[in-house]
Amino acid sequence: MYFAALLARTEDGWEASDTELDDVETLTDLADLAREAAVDDDTVVAFIEQEDAWFGVVRVDGEDDPRVFLSNAAIAARSSYGAMLTDELLGRDEDDATDDLDSLDLDGTEDGEPESDNNVDDDPLEAVNGSDGPPHGPLGDAALLADLGVSEKELLALDGDALSTIADSLGCTEVLEAVR
C-alpha cells in the first residue's frame, strides 16, 4: 500500500494534495504532476511511502531537474514506484532492451570472440554490491531538503514514520496529516 502526497510551498506556507500515482510511469511524469501543483514555480515536494518499508522524497523547483532521495533503494526497487525512482537514480533507461532476445548474448561471446578474463567491470554498483542491483540503504540526494530545515544527516537517520518527521521540520504536519 502506497501513500503519496504533494506539498507545494506558497507565500502562506504549504498546501498539500493527496496524489494518485496511477498515471505516473516515469520521474518526468511525477515532476510534471508536481509542477502542476506548484504555485508560481515555487518548490514542490512529493512524498512516497510504502508501509514504512521505504520512503522517497522528490523535490521539484520550477523547471529545474527533479532531485530524488530514497531511504532504501534495494527495498524500494521491489515495488513499481520505487523501481521507477531507483532506475532513474541509477541511470537505467526503461527502454533498455534487456529482455529483448536480440540483445541477449546466448553463447557468451560478442561478435564471435570470447570475452577475456581481464575485463574491468564498469558498473560501480556491481563492484560494491557484487551484483548490478541497487544498493542496500539510501540512494540519491540526501541534501535535497537542507535549505528547508532537514539536513542531510537528519534525512539519512530517519526511519519509521519519516514523512511525519520531515513534515514537522518543514512546518507542515497538519497539512500532510489532512491528506493522509
# chains A, B, ... in the order shown; residues from 1 in each chain; ligands from 1
>>> residues_around(residues="Leu158 in chain A", least_positions_apart="6", cutoff="12 Å", atoms="only C-alpha atoms", output="VMD selection string")
chain A and resid 52 to 56 70 to 72 137 to 138 142 150 to 152 164 to 166
>>> residues_around(residues="Glu36 in chain A", least_positions_apart="2", cutoff="12 Å", atoms="only C-alpha atoms", output="PyMOL selection string")
chain A and resi 6-8+17+19+29-34+38-44+60-63
>>> residues_around(residues="Ala46 in chain A", least_positions_apart="6", cutoff="6 Å", atoms="only C-alpha atoms", output="PyMOL selection string")
chain A and resi 5-6+57-58
>>> atom_distance(atom1="CA of Asp161 in chain A", atom2="CA of Asp64 in chain A")
28.5 Å
